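Asker: Before we start, here is the structure in question, set down as structure tokens.
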Amino acid sequence: MLPTTRRSIPVGVWALGFVSMLMDISSEMIHALLPVYMVAVLGTSALAVGIIEGIAEATASVTKVFSGALSDWLGRRKLLAAAGYGLAALTKPIFPLAASIEWLVAARFIDRIGKGIRGAPRDALVADITPAELRGAAFGLRQSLDTIGAFVGPLLAIGLMWLTAEHFGTVFWIAVIPAFLSVGLLVVAVREPERPKDLRRVRMPLRRDELRRLGSGYWWVVIIATIFTLARFSEAFLILRAQSIGLPLTLVPIVLVLMSLAFSLSAYPVGVLSDRGIGKTTLLAFGLVMLLAADLVLAFSTDLLAVGIGVTLWGLHMGFTQGLLASLVAGAAPAELRGTAFGMFNLVTGIAMLAASVIAGALWDAAGPSGTFLAGAGFAALTLARLVAVRGRLAS
């Protein structure tokens, strides 16, 4: 039955998935090496990595709320998505040219602004072109293709680090290529549907009366996702955990390969299951259990095998949650406010990601890796308890 579902998914969703995949190949070739480069080469602290990663992701999230609202106001999603992918592509050459940590931080922030510009309009565009009964599968498919890029990128980084004798600059330059291919594919292959004539025109999407129209079901999704985000800090700490156990520098990107492989293999099937009658909240609960298990395993790991198990569980929890949360947002929001809904969702969860990454970095420096991952386990347990308590109020 799965192949039939895949054939039913609109071509535009496939194209957006491959656009995401190419950009992720580029980004993850760089980001798989960046935390170790900053700590091992430039001498920054784990707290600094947490602050930088948290602020970068929060910057993307703040941008998403405005780009999402703007896409509702203009009624144009593709234009903003192309602008966001284009800006991200233009930042890629800064990484190999950077002469100091300040340049790397600036490039990271500008790249995340590009992500922020494209994120909400792209997700709203997926919802616009997909029938409601296929949204779980569509968001799962886009997420799976995106995440294929997230493990192909680190694999390429590993091979290139070996071929170039750990020359970071060469790897960063090669990462520029798929970024520009991504933008070209978006411009050529993605078509935006005509805006329905009977769709209510939104003048000021961020006004209080418009935000009220999002409904209580939507805001409960946001609340659950916010608590959940506190439990899943930046993946940079997975890389640092593997390095702390003794993973060689050249092989450090294998952490993101393993996580992303588990993520990509699970996201689409989970989306299909959610469309076929298995409750989204039930699947979300499974995802939270996996995150709780991942945190506990990583907290007490003493060898690379245990770290690998923890990282795999972390990837599975992403596959069980990220596409479903996007599907819940799409289902809860009125069609004319989908961009705003995704933008607000990402703003709030992005602020939570900033807090989570700063807390994780501070705990790492003060109490070591165990303190960081045990705190994550605590937040995961809290989210699971809250989800069970309010599951009837969530939009389906």
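The way I read the labels, and the way they are meant: chains A, B, ... in the order of the structure tokens, residue 1 as the first residue of every chain, and ligand 1 as the first ligand shown, with later ones counted on from there.
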Residues of segment 222-245 of chain A within 10 Å of segment 255-266 of chain A: nearest atom pair and distance (Å, one decimal) for each, counting only C-alpha atoms, sorted by chain and number, as JSON lines?
Answerer:
```
{"residue": "A:Glu235", "atom": "CA", "partner": "A:Leu256", "partner_atom": "CA", "distance": 8.0}
{"residue": "A:Ala236", "atom": "CA", "partner": "A:Leu256", "partner_atom": "CA", "distance": 9.1}
{"residue": "A:Leu238", "atom": "CA", "partner": "A:Val255", "partner_atom": "CA", "distance": 7.0}
{"residue": "A:Ile239", "atom": "CA", "partner": "A:Val255", "partner_atom": "CA", "distance": 6.1}
{"residue": "A:Leu240", "atom": "CA", "partner": "A:Val255", "partner_atom": "CA", "distance": 9.6}
{"residue": "A:Arg241", "atom": "CA", "partner": "A:Val255", "partner_atom": "CA", "distance": 9.5}
{"residue": "A:Ala242", "atom": "CA", "partner": "A:Val255", "partner_atom": "CA", "distance": 7.3}
{"residue": "A:Gln243", "atom": "CA", "partner": "A:Val255", "partner_atom": "CA", "distance": 9.6}
```
Asker: Within 7 Å of segment 176-186 of chain A, which residues of segment 74-115 of chain A come that close, and what is the closest atom pair and distance in Å for each? Count only C-alpha atoms and give it as a Markdown table.
Answerer:
```
| residue | atom | partner | partner_atom | distance |
| --- | --- | --- | --- | --- |
| A:Ala82 | CA | A:Val183 | CA | 6.6 |
| A:Tyr85 | CA | A:Val183 | CA | 5.9 |
| A:Gly86 | CA | A:Val183 | CA | 5.9 |
| A:Ala89 | CA | A:Ala179 | CA | 5.0 |
| A:Lys92 | CA | A:Val176 | CA | 5.5 |
| A:Pro93 | CA | A:Val176 | CA | 6.3 |
```
Asker: Do you have the atom CA of Trp162 of chain A-atom CA of Gly361 of chain A distance handy?
Answerer: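 Atom-to-atom, atom CA of Trp162 of chain A and atom CA of Gly361 of chain A are spaced 29.2 Å apart.
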Asker: If we count only C-alpha atoms, what is near Ser27 of chain A at a cut-off of 9 Å, once residues fewer than 2 positions away on the same chain are taken out, given as a list of chain:residue names?
Answerer: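 The residues that qualify are A:Leu22, A:Met23, A:Asp24, A:Ile25, A:Met29, A:Ile30, A:His31, A:Ala32, A:Ala88, A:Lys92, A:Asp111, A:Gly149, A:Ala150, A:Gly153, A:Ala175, A:Val176, A:Ala179.
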Asker: Give the answer as one residue: which of A:Leu313, A:Met344, A:Leu87, A:Ala330 has the shortest atom-to-atom distance to Leu292 of chain A, using only C-alpha atoms?
Answerer: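 Under the stated criterion, the closest residue is A:Leu313.
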Asker: Could you go through segment 39-248 of chain A and tell me which residues DSSP, when run on the backbone, assigns to helix (DSSP H, G or I), listing them as a ChimeraX atom specification?
Answerer: /A:39-41,46-74,78-91,94-97,101-129,132-163,168-174,176-189,208-212,216-231,236-245
Asker: Counting only C-alpha atoms, figure out which residue out of A:Gly140, A:Ala107, A:Arg112, A:Leu33 gets nearest to Gly17 of chain A.
Answerer: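 Looking at the shortest contact to Gly17 of chain A, the residue is A:Gly140.
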Asker: Just the number, please: distance in Å from atom CA of Ala231 of chain A to atom CA of Phe342 of chain A, one decimal.
Answerer: 20.5 Å
Asker: How many Å separate atom CA of Lys280 of chain A from atom CA of Ala389 of chain A?
Answerer: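 Here the two named atoms are 14.7 Å from each other.
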Asker: Can you tell me, as an mmCIF file with N, CA and C atoms, in the first residue's frame, what residues are no more than 9 Å from Val329 of chain A when counting only C-alpha atoms, ignoring any on the same chain fewer than 4 positions away?
Answerer:
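This went into selection_2.cif:
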```
data_model
loop_
_atom_site.group_PDB
_atom_site.id
_atom_site.type_symbol
_atom_site.label_atom_id
_atom_site.label_comp_id
_atom_site.auth_asym_id
_atom_site.auth_seq_id
_atom_site.Cartn_x
_atom_site.Cartn_y
_atom_site.Cartn_z
ATOM 1 N N GLY A 217 -7.054 24.265 19.580
ATOM 2 C CA GLY A 217 -6.356 23.040 19.194
ATOM 3 C C GLY A 217 -4.952 23.328 18.695
ATOM 4 N N TYR A 218 -4.820 24.390 17.904
ATOM 5 C CA TYR A 218 -3.508 24.799 17.405
ATOM 6 C C TYR A 218 -2.583 25.185 18.555
ATOM 7 N N VAL A 221 -1.116 22.345 20.441
ATOM 8 C CA VAL A 221 0.010 21.751 19.710
ATOM 9 C C VAL A 221 1.281 22.538 19.991
ATOM 10 N N VAL A 222 1.184 23.868 19.976
ATOM 11 C CA VAL A 222 2.346 24.726 20.232
ATOM 12 C C VAL A 222 2.879 24.511 21.649
ATOM 13 N N LEU A 324 4.748 14.771 12.139
ATOM 14 C CA LEU A 324 3.427 14.768 12.775
ATOM 15 C C LEU A 324 3.079 16.130 13.343
ATOM 16 N N LEU A 325 4.042 16.792 13.966
ATOM 17 C CA LEU A 325 3.782 18.127 14.496
ATOM 18 C C LEU A 325 3.422 19.092 13.372
ATOM 19 N N ALA A 333 -4.870 24.920 11.524
ATOM 20 C CA ALA A 333 -4.920 26.322 11.110
ATOM 21 C C ALA A 333 -5.856 26.527 9.922
ATOM 22 N N ARG A 338 -2.162 29.632 7.256
ATOM 23 C CA ARG A 338 -1.195 28.541 7.455
ATOM 24 C C ARG A 338 0.235 29.055 7.591
ATOM 25 N N ALA A 341 0.582 30.392 11.001
ATOM 26 C CA ALA A 341 0.554 29.301 11.985
ATOM 27 C C ALA A 341 1.909 28.614 12.074
ATOM 28 N N PHE A 342 2.507 28.297 10.926
ATOM 29 C CA PHE A 342 3.836 27.674 10.946
ATOM 30 C C PHE A 342 4.878 28.645 11.494
ATOM 31 N N PHE A 345 4.436 28.843 15.320
ATOM 32 C CA PHE A 345 4.897 27.564 15.870
ATOM 33 C C PHE A 345 6.423 27.535 15.946
ATOM 34 N N ALA A 395 -5.545 19.235 18.069
ATOM 35 C CA ALA A 395 -6.165 19.087 16.741
ATOM 36 C C ALA A 395 -5.703 17.778 16.140
#
```
Asker: Which residue gives the smallest distance to Gly215 of chain A among A:Val36, A:Glu28, A:Phe237, A:Ala332, with only C-alpha atoms counted?
Answerer: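 When distances to Gly215 of chain A are compared using only C-alpha atoms, the smallest one comes from A:Ala332.
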Asker: With only C-alpha atoms as the basis for distance, which of A:Gly246, A:Gly84, A:Gly343, A:Pro334 is at the shortest distance from Phe66 of chain A?
Answerer: A:Gly343
Asker: For segment 324-383 of chain A versus segment 295-300 of chain A, which residues have an atom no more than 7 Å away, and what is each residue's nearest atom pair and distance in Å rounded to one decimal, using only C-alpha atoms, chain-then-number order, as a tab-separated table?
Answerer:
```
residue	atom	partner	partner_atom	distance
A:Pro369	CA	A:Ala299	CA	6.3
A:Ser370	CA	A:Ala299	CA	4.1
A:Phe373	CA	A:Asp295	CA	5.0
A:Leu374	CA	A:Ala299	CA	6.0
A:Gly376	CA	A:Asp295	CA	6.2
A:Ala377	CA	A:Asp295	CA	5.3
```
Asker: Could you check the closest approach to Phe139 of chain A for each of A:Gly323, A:Gly331, A:Gly368, A:Pro121 and tell me which residue wins, using only C-alpha atoms?
Answerer: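 The answer is A:Gly323, which sits nearest to Phe139 of chain A.
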Asker: Rank A:Ile9, A:Ala294, A:Leu387, A:Ile223 by their smallest atom-to-atom distance to Ala127 of chain A, using only C-alpha atoms, and report the top residue only.
Answerer: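 Nearest to Ala127 of chain A: A:Ile9.
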Asker: What lies within 12 Å of segment 189-192 of chain A using only C-alpha atoms, ignoring chain neighbours under 4 positions off, as a PyMOL selection string?
Answerer: chain A and resi 10-19+71+75-82+121-122+124-130+181-185+196
Asker: Taking C-alpha atoms for each residue, export the selection above as a compact mmCIF listing (two decimals), in the first residue's frame.
Answerer:
```txt
# COMPACT_ATOMS: atom_id res chain seq x y z
CA PRO A 10 1.66 15.73 -5.56
CA VAL A 11 4.76 16.29 -7.70
CA GLY A 12 5.35 19.62 -5.98
CA VAL A 13 5.85 17.88 -2.63
CA TRP A 14 8.47 15.58 -4.20
CA ALA A 15 10.22 18.59 -5.73
CA LEU A 16 10.24 20.45 -2.42
CA GLY A 17 11.61 17.33 -0.77
CA PHE A 18 14.53 17.15 -3.20
CA VAL A 19 15.13 20.91 -2.80
CA SER A 71 3.25 34.67 2.69
CA GLY A 75 -0.69 34.95 -1.07
CA ARG A 76 2.74 33.95 -2.47
CA ARG A 77 4.67 31.10 -0.87
CA LYS A 78 7.21 30.10 -3.56
CA LEU A 79 8.75 33.58 -3.84
CA LEU A 80 9.65 33.67 -0.15
CA ALA A 81 10.82 30.05 -0.14
CA ALA A 82 13.16 30.81 -3.08
CA PRO A 121 6.13 29.42 3.46
CA ARG A 122 7.51 26.04 2.30
CA ALA A 124 2.40 26.11 4.12
CA LEU A 125 2.98 25.39 0.41
CA VAL A 126 3.14 21.63 1.15
CA ALA A 127 -0.20 21.92 2.96
CA ASP A 128 -1.70 24.02 0.13
CA ILE A 129 -0.91 21.50 -2.60
CA THR A 130 -1.69 18.30 -0.66
CA LEU A 181 21.60 23.23 -7.21
CA SER A 182 18.83 23.35 -4.58
CA VAL A 183 17.86 26.90 -5.50
CA GLY A 184 17.83 26.08 -9.22
CA LEU A 185 15.55 23.09 -8.69
CA PRO A 196 -8.81 29.97 -4.29
```
